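What follows is the content of input22.cif (mmCIF, C-alpha atoms and all ligand atoms).
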data_target
#
loop_
_atom_site.group_PDB
_atom_site.id
_atom_site.type_symbol
_atom_site.label_atom_id
_atom_site.label_comp_id
_atom_site.auth_asym_id
_atom_site.auth_seq_id
_atom_site.Cartn_x
_atom_site.Cartn_y
_atom_site.Cartn_z
ATOM 1 C CA MET A 1 -2.704 -39.495 -11.743
ATOM 2 C CA SER A 2 -3.796 -41.795 -14.496
ATOM 3 C CA HIS A 3 -1.229 -42.023 -17.232
ATOM 4 C CA GLY A 4 -3.736 -42.186 -20.063
ATOM 5 C CA TYR A 5 -2.178 -43.697 -23.124
ATOM 6 C CA GLY A 6 1.306 -42.788 -21.989
ATOM 7 C CA ALA A 7 2.124 -45.867 -19.940
ATOM 8 C CA CYS A 8 1.711 -48.172 -22.903
ATOM 9 C CA HIS A 9 3.511 -45.973 -25.326
ATOM 10 C CA LYS A 10 6.518 -47.566 -26.968
ATOM 11 C CA LEU A 11 9.238 -45.039 -27.386
ATOM 12 C CA ARG A 12 10.557 -44.970 -30.896
ATOM 13 C CA LYS A 13 13.913 -43.371 -31.331
ATOM 14 C CA ARG A 14 13.756 -41.212 -34.389
ATOM 15 C CA GLU A 15 16.582 -39.803 -36.351
ATOM 16 C CA GLU A 16 14.623 -36.973 -37.933
ATOM 17 C CA SER A 17 15.188 -33.506 -36.670
ATOM 18 C CA THR A 18 12.924 -32.166 -34.002
ATOM 19 C CA ASP A 19 11.760 -29.544 -36.428
ATOM 20 C CA THR A 20 10.242 -32.385 -38.404
ATOM 21 C CA LEU A 21 8.729 -33.941 -35.286
ATOM 22 C CA LEU A 22 7.205 -30.644 -34.332
ATOM 23 C CA ARG A 23 5.901 -29.917 -37.808
ATOM 24 C CA ASP A 24 4.379 -33.377 -38.081
ATOM 25 C CA ARG A 25 2.419 -32.870 -34.895
ATOM 26 C CA PHE A 26 1.592 -29.159 -34.732
ATOM 27 C CA LEU A 27 1.793 -25.961 -36.664
ATOM 28 C CA VAL A 28 5.080 -24.404 -35.583
ATOM 29 C CA LYS A 29 3.526 -20.948 -35.420
ATOM 30 C CA SER A 30 0.835 -22.203 -33.036
ATOM 31 C CA VAL A 31 3.391 -23.750 -30.697
ATOM 32 C CA ALA A 32 5.524 -20.623 -30.948
ATOM 33 C CA LYS A 33 2.551 -18.505 -29.930
ATOM 34 C CA PHE A 34 2.105 -20.539 -26.738
ATOM 35 C CA CYS A 35 5.789 -20.637 -25.896
ATOM 36 C CA LYS A 36 6.319 -16.954 -26.581
ATOM 37 C CA SER A 37 3.293 -16.102 -24.453
ATOM 38 C CA LEU A 38 4.632 -18.248 -21.602
ATOM 39 C CA LYS A 39 8.054 -16.640 -21.917
ATOM 40 C CA ASP A 40 6.577 -13.142 -21.813
ATOM 41 C CA PHE A 41 4.336 -14.107 -18.935
ATOM 42 C CA GLY A 42 7.199 -15.566 -16.903
ATOM 43 C CA GLU A 43 9.395 -12.551 -17.516
ATOM 44 C CA ARG A 44 6.590 -10.203 -16.521
ATOM 45 C CA SER A 45 6.112 -12.122 -13.282
ATOM 46 C CA MET A 46 9.737 -11.797 -12.148
ATOM 47 C CA PRO A 47 9.200 -8.587 -10.128
ATOM 48 C CA LEU A 48 6.773 -10.483 -7.903
ATOM 49 C CA PHE A 49 9.500 -12.978 -7.025
ATOM 50 C CA LYS A 50 12.014 -10.233 -6.453
ATOM 51 C CA ASP A 51 9.650 -8.635 -3.972
ATOM 52 C CA GLN A 52 9.426 -11.934 -2.103
ATOM 53 C CA VAL A 53 12.974 -13.205 -2.028
ATOM 54 C CA ARG A 54 15.163 -10.080 -1.911
ATOM 55 C CA TYR A 55 17.659 -11.266 -4.497
ATOM 56 C CA GLU A 56 17.513 -11.519 -8.204
ATOM 57 C CA MET A 57 16.825 -14.819 -9.872
ATOM 58 C CA LYS A 58 16.863 -15.462 -13.558
ATOM 59 C CA GLN A 59 15.913 -19.029 -14.125
ATOM 60 C CA PHE A 60 12.228 -19.718 -14.255
ATOM 61 C CA VAL A 61 10.012 -22.349 -15.758
ATOM 62 C CA ALA A 62 6.611 -21.196 -17.004
ATOM 63 C CA ALA A 63 4.367 -24.119 -17.894
ATOM 64 C CA ALA A 64 0.760 -24.716 -18.827
ATOM 65 C CA PHE A 65 -1.149 -27.965 -19.236
ATOM 66 C CA VAL A 66 -2.990 -27.479 -22.491
ATOM 67 C CA SER A 67 -5.152 -29.495 -24.848
ATOM 68 C CA ASN A 68 -4.419 -30.410 -28.418
ATOM 69 C CA GLU A 69 -7.346 -28.229 -29.475
ATOM 70 C CA GLU A 70 -6.052 -25.208 -27.624
ATOM 71 C CA ILE A 71 -2.774 -25.411 -29.501
ATOM 72 C CA LYS A 72 -4.475 -26.139 -32.801
ATOM 73 C CA ASN A 73 -6.814 -23.165 -32.362
ATOM 74 C CA GLU A 74 -4.037 -20.982 -30.916
ATOM 75 C CA ASP A 75 -6.362 -20.439 -27.989
ATOM 76 C CA ILE A 76 -4.136 -18.870 -25.344
ATOM 77 C CA GLY A 77 -7.094 -17.874 -23.166
ATOM 78 C CA ILE A 78 -5.537 -19.656 -20.190
ATOM 79 C CA ILE A 79 -2.452 -17.459 -20.443
ATOM 80 C CA GLN A 80 -4.504 -14.308 -20.993
ATOM 81 C CA GLU A 81 -6.616 -15.067 -17.942
ATOM 82 C CA ALA A 82 -3.487 -15.584 -15.839
ATOM 83 C CA ASP A 83 -2.073 -12.381 -17.297
ATOM 84 C CA ARG A 84 -5.044 -10.390 -16.038
ATOM 85 C CA ARG A 85 -4.423 -11.700 -12.526
ATOM 86 C CA LEU A 86 -0.719 -11.041 -12.853
ATOM 87 C CA THR A 87 -1.378 -7.452 -13.946
ATOM 88 C CA ASN A 88 -3.580 -6.974 -10.915
ATOM 89 C CA ALA A 89 -0.961 -8.467 -8.586
ATOM 90 C CA LEU A 90 1.762 -6.264 -10.059
ATOM 91 C CA ALA A 91 -0.401 -3.188 -9.550
ATOM 92 C CA THR A 92 -1.601 -3.991 -6.027
ATOM 93 C CA LYS A 93 1.459 -5.916 -4.795
ATOM 94 C CA ASN A 94 -1.038 -8.351 -3.354
ATOM 95 C CA VAL A 95 0.159 -11.848 -4.231
ATOM 96 C CA SER A 96 -1.522 -13.746 -1.424
ATOM 97 C CA ASP A 97 -3.725 -15.822 -3.738
ATOM 98 C CA ILE A 98 -1.074 -16.685 -6.328
ATOM 99 C CA TYR A 99 2.350 -16.804 -4.625
ATOM 100 C CA GLU A 100 3.709 -19.589 -2.464
ATOM 101 C CA ASN A 101 7.207 -20.873 -1.893
ATOM 102 C CA TYR A 102 8.918 -19.525 -5.034
ATOM 103 C CA SER A 103 5.959 -20.314 -7.248
ATOM 104 C CA LEU A 104 3.024 -18.554 -8.869
ATOM 105 C CA SER A 105 -0.098 -20.585 -9.615
ATOM 106 C CA PHE A 106 -2.925 -19.797 -11.982
ATOM 107 C CA ASN A 107 -5.281 -22.686 -12.646
ATOM 108 C CA ARG A 108 -3.472 -24.748 -15.333
ATOM 109 C CA LEU A 109 -0.441 -22.456 -15.454
ATOM 110 C CA VAL A 110 2.500 -22.099 -13.083
ATOM 111 C CA VAL A 111 5.730 -20.166 -12.862
ATOM 112 C CA LEU A 112 8.354 -21.994 -10.845
ATOM 113 C CA MET A 113 11.719 -20.836 -9.592
ATOM 114 C CA ASN A 114 14.558 -23.041 -8.451
ATOM 115 C CA THR A 115 14.785 -23.467 -4.698
ATOM 116 C CA SER A 116 17.955 -23.636 -2.634
ATOM 117 C CA GLU A 117 16.566 -25.568 0.337
ATOM 118 C CA PRO A 118 16.053 -28.228 -0.755
ATOM 119 C CA LYS A 119 18.017 -27.884 -3.953
ATOM 120 C CA ARG A 120 15.531 -28.276 -6.747
ATOM 121 C CA HIS A 121 15.026 -26.970 -10.227
ATOM 122 C CA GLY A 122 11.670 -25.845 -11.597
ATOM 123 C CA GLU A 123 11.438 -28.780 -14.009
ATOM 124 C CA ALA A 124 11.677 -31.238 -11.105
ATOM 125 C CA ARG A 125 9.227 -29.291 -8.984
ATOM 126 C CA LEU A 126 6.655 -29.637 -11.758
ATOM 127 C CA LEU A 127 7.315 -33.028 -13.318
ATOM 128 C CA ASP A 128 8.837 -35.086 -10.509
ATOM 129 C CA PRO A 129 7.295 -33.953 -7.221
ATOM 130 C CA SER A 130 8.024 -37.183 -5.345
ATOM 131 C CA GLY A 131 11.477 -37.818 -6.821
ATOM 132 C CA VAL A 132 10.484 -41.068 -8.539
ATOM 133 C CA ILE A 133 12.161 -40.094 -11.797
ATOM 134 C CA ARG A 134 15.269 -38.678 -10.159
ATOM 135 C CA HIS A 135 15.665 -41.887 -8.181
ATOM 136 C CA THR A 136 16.098 -43.710 -11.490
ATOM 137 C CA ILE A 137 18.339 -41.280 -13.374
ATOM 138 C CA LEU A 138 20.708 -39.593 -10.939
ATOM 139 C CA THR A 139 24.212 -40.750 -10.111
ATOM 140 C CA PRO A 140 25.186 -40.439 -7.348
ATOM 141 C CA PRO A 141 21.797 -41.596 -6.093
ATOM 142 C CA PHE A 142 19.038 -39.113 -5.531
ATOM 143 C CA ASN A 143 18.909 -37.838 -1.993
ATOM 144 C CA SER A 144 15.393 -37.897 -0.580
ATOM 145 C CA SER A 145 16.187 -34.824 1.468
ATOM 146 C CA CYS A 146 15.774 -32.999 -1.848
ATOM 147 C CA ILE A 147 12.019 -33.497 -1.578
ATOM 148 C CA ASP A 148 10.170 -30.578 -0.081
ATOM 149 C CA GLU A 149 7.174 -32.077 1.686
ATOM 150 C CA GLU A 150 5.701 -28.623 2.038
ATOM 151 C CA ASP A 151 5.738 -27.904 -1.669
ATOM 152 C CA MET A 152 2.534 -28.049 -3.608
ATOM 153 C CA ASN A 153 2.124 -31.008 -5.920
ATOM 154 C CA PHE A 154 1.870 -28.928 -9.059
ATOM 155 C CA LEU A 155 1.632 -31.979 -11.309
ATOM 156 C CA GLN A 156 -1.417 -33.209 -9.448
ATOM 157 C CA ILE A 157 -3.043 -29.792 -9.137
ATOM 158 C CA LEU A 158 -2.609 -28.842 -12.792
ATOM 159 C CA THR A 159 -3.750 -32.298 -13.874
ATOM 160 C CA GLU A 160 -6.911 -31.959 -11.780
ATOM 161 C CA HIS A 161 -7.688 -28.555 -13.262
ATOM 162 C CA PHE A 162 -7.198 -29.981 -16.744
ATOM 163 C CA VAL A 163 -9.331 -33.076 -16.149
ATOM 164 C CA ARG A 164 -12.113 -30.987 -14.624
ATOM 165 C CA LYS A 165 -12.300 -28.921 -17.808
ATOM 166 C CA PHE A 166 -11.658 -31.506 -20.509
ATOM 167 C CA GLU A 167 -12.743 -34.776 -18.859
ATOM 168 C CA HIS A 168 -9.595 -36.583 -19.952
ATOM 169 C CA ASP A 169 -5.962 -36.399 -18.887
ATOM 170 C CA ARG A 170 -4.218 -36.213 -22.256
ATOM 171 C CA PHE A 171 -2.839 -32.799 -21.562
ATOM 172 C CA ILE A 172 0.286 -31.506 -23.245
ATOM 173 C CA VAL A 173 2.870 -29.928 -20.980
ATOM 174 C CA CYS A 174 3.821 -26.700 -22.718
ATOM 175 C CA MET A 175 6.900 -25.265 -21.083
ATOM 176 C CA PHE A 176 9.238 -22.338 -21.477
ATOM 177 C CA SER A 177 12.424 -22.552 -19.432
ATOM 178 C CA HIS A 178 14.723 -19.523 -19.421
ATOM 179 C CA PHE A 179 17.696 -21.882 -19.429
ATOM 180 C CA ILE A 180 17.578 -25.086 -21.416
ATOM 181 C CA PRO A 181 16.812 -28.025 -19.036
ATOM 182 C CA CYS A 182 20.173 -28.757 -17.477
ATOM 183 C CA THR A 183 22.614 -31.641 -17.530
ATOM 184 C CA GLU A 184 24.018 -30.968 -14.065
ATOM 185 C CA SER A 185 24.683 -34.243 -12.275
ATOM 186 C CA LYS A 186 22.568 -33.377 -9.244
ATOM 187 C CA HIS A 187 19.549 -32.396 -11.331
ATOM 188 C CA GLN A 188 19.628 -33.775 -14.877
ATOM 189 C CA CYS A 189 16.553 -31.841 -15.909
ATOM 190 C CA ALA A 190 16.884 -32.751 -19.600
ATOM 191 C CA ARG A 191 16.789 -36.443 -18.731
ATOM 192 C CA LEU A 192 14.009 -35.811 -16.265
ATOM 193 C CA VAL A 193 11.870 -34.257 -19.019
ATOM 194 C CA ASP A 194 12.754 -37.212 -21.237
ATOM 195 C CA GLU A 195 11.675 -39.764 -18.625
ATOM 196 C CA PHE A 196 8.506 -37.849 -17.826
ATOM 197 C CA ALA A 197 7.467 -37.826 -21.473
ATOM 198 C CA LYS A 198 8.181 -41.554 -21.831
ATOM 199 C CA LEU A 199 5.978 -42.403 -18.881
ATOM 200 C CA ASN A 200 3.340 -39.721 -18.992
ATOM 201 C CA ASN A 201 2.300 -36.968 -21.360
ATOM 202 C CA GLU A 202 3.723 -35.167 -24.344
ATOM 203 C CA VAL A 203 5.936 -32.165 -23.682
ATOM 204 C CA ILE A 204 6.593 -29.043 -25.701
ATOM 205 C CA ILE A 205 9.811 -27.408 -24.577
ATOM 206 C CA SER A 206 11.256 -24.058 -25.481
ATOM 207 C CA SER A 207 14.177 -22.209 -24.082
ATOM 208 C CA GLU A 208 16.256 -19.191 -24.783
ATOM 209 C CA ASN A 209 19.610 -19.464 -23.007
ATOM 210 C CA VAL A 210 22.114 -22.036 -21.814
ATOM 211 C CA TYR A 211 23.538 -22.015 -18.338
ATOM 212 C CA TYR A 212 27.304 -22.371 -18.432
ATOM 213 C CA GLU A 213 27.327 -25.596 -16.411
ATOM 214 C CA THR A 214 24.988 -27.293 -18.860
ATOM 215 C CA ASP A 215 26.201 -29.347 -21.791
ATOM 216 C CA HIS A 216 23.647 -27.949 -24.206
ATOM 217 C CA GLU A 217 24.421 -30.428 -26.984
ATOM 218 C CA THR A 218 23.696 -33.330 -24.672
ATOM 219 C CA ALA A 219 20.590 -31.626 -23.304
ATOM 220 C CA TRP A 220 19.082 -31.129 -26.755
ATOM 221 C CA LYS A 221 20.167 -34.599 -27.877
ATOM 222 C CA VAL A 222 18.485 -36.240 -24.906
ATOM 223 C CA MET A 223 15.218 -34.424 -25.440
ATOM 224 C CA LYS A 224 15.224 -34.638 -29.225
ATOM 225 C CA SER A 225 15.659 -38.410 -29.063
ATOM 226 C CA ASN A 226 12.195 -38.700 -27.560
ATOM 227 C CA ASP A 227 9.391 -38.506 -30.085
ATOM 228 C CA ARG A 228 6.982 -37.264 -27.433
ATOM 229 C CA ILE A 229 9.041 -34.151 -26.782
ATOM 230 C CA TYR A 230 8.691 -31.265 -29.196
ATOM 231 C CA CYS A 231 11.547 -28.796 -29.012
ATOM 232 C CA LEU A 232 10.806 -25.353 -30.351
ATOM 233 C CA PRO A 233 13.970 -23.832 -31.816
ATOM 234 C CA PRO A 234 14.829 -20.548 -30.071
ATOM 235 C CA LYS A 235 14.673 -18.675 -33.361
ATOM 236 C CA GLU A 236 10.958 -19.477 -33.555
ATOM 237 C CA LEU A 237 10.345 -17.712 -30.256
ATOM 238 C CA CYS A 238 11.220 -14.398 -31.720
ATOM 239 C CA PRO A 239 11.450 -14.655 -35.518
ATOM 240 C CA ASN A 240 11.341 -10.878 -35.970
ATOM 241 C CA SER A 241 13.763 -10.109 -33.190
ATOM 242 C CA ASN A 242 15.180 -6.613 -33.052
ATOM 243 C CA GLN A 243 17.510 -4.639 -30.849
ATOM 244 C CA SER A 244 15.026 -4.360 -28.034
ATOM 245 C CA THR A 245 14.595 -8.098 -27.619
ATOM 246 C CA PRO A 246 18.032 -9.623 -27.123
ATOM 247 C CA LEU A 247 18.067 -13.262 -28.081
ATOM 248 C CA TYR A 248 21.080 -15.483 -27.764
ATOM 249 C CA ASP A 249 21.725 -18.511 -29.803
ATOM 250 C CA VAL A 250 21.462 -21.548 -27.563
ATOM 251 C CA ASP A 251 24.688 -22.801 -29.029
ATOM 252 C CA GLU A 252 26.444 -20.162 -26.972
ATOM 253 C CA PRO A 253 26.318 -21.165 -23.307
ATOM 254 C CA LEU A 254 26.144 -18.153 -21.066
ATOM 255 C CA SER A 255 29.095 -17.686 -18.773
ATOM 256 C CA PRO A 256 28.666 -15.546 -15.669
ATOM 257 C CA ARG A 257 30.157 -12.674 -17.663
ATOM 258 C CA MET A 258 27.677 -13.131 -20.480
ATOM 259 C CA LEU A 259 24.848 -13.425 -17.996
ATOM 260 C CA ARG A 260 25.738 -10.000 -16.653
ATOM 261 C CA ARG A 261 25.928 -8.637 -20.175
ATOM 262 C CA GLU A 262 22.523 -10.108 -20.945
ATOM 263 C CA ASN A 263 21.145 -8.541 -17.804
ATOM 264 C CA ARG A 264 22.446 -5.134 -18.806
ATOM 265 C CA ALA A 265 20.944 -5.533 -22.269
ATOM 266 C CA ARG A 266 17.602 -6.383 -20.760
ATOM 267 C CA VAL A 267 17.704 -3.398 -18.469
ATOM 268 C CA GLN A 268 18.456 -1.143 -21.407
ATOM 269 C CA SER A 269 15.532 -2.567 -23.322
ATOM 270 C CA ASN A 270 13.289 -2.393 -20.274
ATOM 271 C CA PRO A 271 14.001 0.652 -18.134
ATOM 272 C CA TYR A 272 11.473 -0.514 -15.566
ATOM 273 C CA GLN A 273 13.551 -3.539 -14.626
ATOM 274 C CA ARG A 274 15.992 -2.958 -11.829
ATOM 275 C CA PRO A 275 19.589 -3.525 -12.918
ATOM 276 C CA GLU A 276 21.327 -6.453 -11.293
ATOM 277 C CA LYS A 277 24.019 -4.266 -9.734
ATOM 278 C CA LYS A 278 21.386 -2.569 -7.614
ATOM 279 C CA LYS A 279 20.271 -5.762 -5.944
ATOM 280 C CA LYS A 280 20.430 -6.028 -2.197
ATOM 281 C CA LYS A 281 23.824 -6.524 -0.663
ATOM 282 C CA GLY A 282 24.713 -9.544 1.362
ATOM 283 C CA PHE A 283 24.218 -12.228 -1.230
ATOM 284 C CA SER A 284 26.996 -13.758 -3.208
ATOM 285 C CA ARG A 285 27.285 -13.036 -6.881
ATOM 286 C CA GLN A 286 26.815 -16.690 -7.722
ATOM 287 C CA LYS A 287 23.552 -16.751 -5.869
ATOM 288 C CA SER A 288 22.327 -13.735 -7.728
ATOM 289 C CA TYR A 289 22.232 -15.514 -11.066
ATOM 290 C CA ASP A 290 19.831 -18.097 -9.933
ATOM 291 C CA LEU A 291 19.841 -21.023 -7.607
ATOM 292 C CA ARG A 292 21.426 -23.664 -9.761
ATOM 293 C CA THR A 293 23.599 -25.272 -7.140
HETATM 294 ZN ZN ZN B 301 18.012 -28.409 -14.006
#
Output the file's structure as structure tokens, nothing else.
Amino acid sequence: MSHGYGACHKLRKREESTDTLLRDRFLVKSVAKFCKSLKDFGERSMPLFKDQVRYEMKQFVAAAFVSNEEIKNEDIGIIQEADRRLTNALATKNVSDIYENYSLSFNRLVVLMNTSEPKRHGEARLLDPSGVIRHTILTPPFNSSCIDEEDMNFLQILTEHFVRKFEHDRFIVCMFSHFIPCTESKHQCARLVDEFAKLNNEVIISSENVYYETDHETAWKVMKSNDRIYCLPPKELCPNSNQSTPLYDVDEPLSPRMLRRENRARVQSNPYQRPEKKKKKGFSRQKSYDLRT
């Protein structure tokens, strides 16, 4: 892909809070509308993954490549269009045109799960398909066996869809990740997002929970130090939260115990979601959270 203006961009470390960065660039409510829509969309799509993989996964990344104008105009048509197809797939159980290898694709929008073989997180599947970034940031060194040659190149595909529509490649990666991009040594998703934004396009990131192996302070610090990454505070995702929409402060990393509690809360608020304890037998408890290893 062409890097547009990104390759020449000089990163300026800024001390201001990300709230200021975000407010300087966008209307917070417009960004929140996109991120909330992506969060809802990703959560609604989870039953399709459960039907495919036979065990419950929590972590997903829902991302759309959007234009400045779409955010400015709060035009979430791309998410609404995908939502119509998702509704149809949920009703018919026919996912043949949208599902492949732990992913759902809709034009400029994808939902990505982590994969266990090879071990990859959704952020890397989207932003670092060839491992170029991970080669530069991981210690111990990135193992090329972690590249799945069979995986779709989502970065290329979404970029092509964007360029076809807008005739330029200055898309903004708008992303909701259930767990904040991690700081695990084998993945370093927070740093990966940071490097991507330095070299390529702007990124809007929102997240709701912290996985217990992630150092959330470091993760936020890494991403907030980049003035091309706009972090939406979790409180903006659901400013009028009530009992039926449990929302945890990201300053409270979720332990396995808390993850189970969160799952129960979700089931209570959504009786149509199968409780975790009813998942198929034969998989370890660790694996049932998500595939973070
Ligand atoms: Zn990660």
Q: Give as a VMD selection string the residues that the PyMOL selection byres (((chain A and resi 95-99) around 12) and not hetatm) matches when applied to the coordinates above.
A: chain A and resid 45 to 53 82 to 83 85 to 94 100 to 107 109 to 113 151 to 152
(Q) Measuring between all atoms listed in the file, which one of A:His178, A:His187, A:Arg84, A:Arg170 shows the shortest distance to ligand ZN 301 (chain B)? (A)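 Smallest separation from ligand ZN 301 (chain B) among the options: A:His187.
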So which residues are near ligand ZN 301 (chain B), meaning at most 7 Å away with only C-alpha atoms and all ligand atoms counted, given back as an mmCIF file with C-alpha atoms, in the coordinates of the input?
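Now in pocket.cif:
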data_model
loop_
_atom_site.group_PDB
_atom_site.id
_atom_site.type_symbol
_atom_site.label_atom_id
_atom_site.label_comp_id
_atom_site.auth_asym_id
_atom_site.auth_seq_id
_atom_site.Cartn_x
_atom_site.Cartn_y
_atom_site.Cartn_z
ATOM 1 C CA HIS A 121 15.026 -26.970 -10.227
ATOM 2 C CA GLU A 123 11.438 -28.780 -14.009
ATOM 3 C CA PRO A 181 16.812 -28.025 -19.036
ATOM 4 C CA CYS A 182 20.173 -28.757 -17.477
ATOM 5 C CA THR A 183 22.614 -31.641 -17.530
ATOM 6 C CA GLU A 184 24.018 -30.968 -14.065
ATOM 7 C CA HIS A 187 19.549 -32.396 -11.331
ATOM 8 C CA GLN A 188 19.628 -33.775 -14.877
ATOM 9 C CA CYS A 189 16.553 -31.841 -15.909
#
Residues at most 10 Å from Ser185 in chain A, counting all atoms listed in the file, excluding those fewer than 5 positions away in the same chain, as a short mmCIF file (atom, residue, chain, number, x, y, z; two decimals) with C-alpha atoms, keeping the file's coordinate frame?
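Printed below is selection-v7.cif as written:
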data_model
loop_
_atom_site.label_atom_id
_atom_site.label_comp_id
_atom_site.auth_asym_id
_atom_site.auth_seq_id
_atom_site.Cartn_x
_atom_site.Cartn_y
_atom_site.Cartn_z
CA ILE A 137 18.34 -41.28 -13.37
CA LEU A 138 20.71 -39.59 -10.94
CA THR A 139 24.21 -40.75 -10.11
CA PRO A 140 25.19 -40.44 -7.35
CA GLU A 213 27.33 -25.60 -16.41
CA THR A 214 24.99 -27.29 -18.86
#
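Between CA of Gly42 in chain A and CA of Lys58 in chain A lies a distance of 10.2 Å.
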Q. Nearest to Pro118 in chain A among A:Pro141, A:His168, A:Gln59, A:Lys186, with distances taken over all atoms listed in the file: which residue is it?
A.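 For Pro118 in chain A, the nearest of the candidates is A:Lys186.
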(Q) Please enumerate the residues selected by the PyMOL selection byres (((chain A and resi 23-38) around 10) and not hetatm) when evaluated against the supplied file, formatted as a PyMOL selection string. (A) chain A and resi 18-22+39-44+61-64+66+68+70-76+79-80+83+109-111+174-177+204-207+228+230-239
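Here CA of Ser145 in chain A is placed at a distance of 10.0 Å from CA of Gly131 in chain A.
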Q: Could you tell me how far CA of Asn226 in chain A lies from CA of Ile172 in chain A, in Å and to one decimal?
A: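 CA of Ile172 in chain A lies at a distance of 14.6 Å from CA of Asn226 in chain A.
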Q. For this file, the PyMOL selection byres (((chain A and resi 126) around 8) and not hetatm) selects which residues, as a ChimeraX atom specification?
A. /A:112,122-125,127-129,153-155
Would you save the residues of that selection, restricted to C-alpha atoms, as an mmCIF file, in the frame of the given file?
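Listing of again.cif after writing:
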data_model
loop_
_atom_site.group_PDB
_atom_site.id
_atom_site.type_symbol
_atom_site.label_atom_id
_atom_site.label_comp_id
_atom_site.auth_asym_id
_atom_site.auth_seq_id
_atom_site.Cartn_x
_atom_site.Cartn_y
_atom_site.Cartn_z
ATOM 1 C CA LEU A 112 8.354 -21.994 -10.845
ATOM 2 C CA GLY A 122 11.670 -25.845 -11.597
ATOM 3 C CA GLU A 123 11.438 -28.780 -14.009
ATOM 4 C CA ALA A 124 11.677 -31.238 -11.105
ATOM 5 C CA ARG A 125 9.227 -29.291 -8.984
ATOM 6 C CA LEU A 127 7.315 -33.028 -13.318
ATOM 7 C CA ASP A 128 8.837 -35.086 -10.509
ATOM 8 C CA PRO A 129 7.295 -33.953 -7.221
ATOM 9 C CA ASN A 153 2.124 -31.008 -5.920
ATOM 10 C CA PHE A 154 1.870 -28.928 -9.059
ATOM 11 C CA LEU A 155 1.632 -31.979 -11.309
#
Q) Any idea what's packed within 7 Å of Asp169 in chain A, counting all atoms listed in the file, ignoring anything in its chain fewer than 2 positions away? Could you give it as a PyMOL selection string? A) chain A and resi 4+159+162-163+167+171
Q: Rank A:Lys165, A:His135, A:Lys198, A:Arg120 by their smallest atom-to-atom distance to Ile229 in chain A, using all atoms listed in the file, and report the top residue only.
A: A:Lys198
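Restricting the calculation to all atoms listed in the file, the smallest distance between Asp194 in chain A and any of A:Asp215, A:Asp227, A:Glu208, A:Glu69 is found for A:Asp227.
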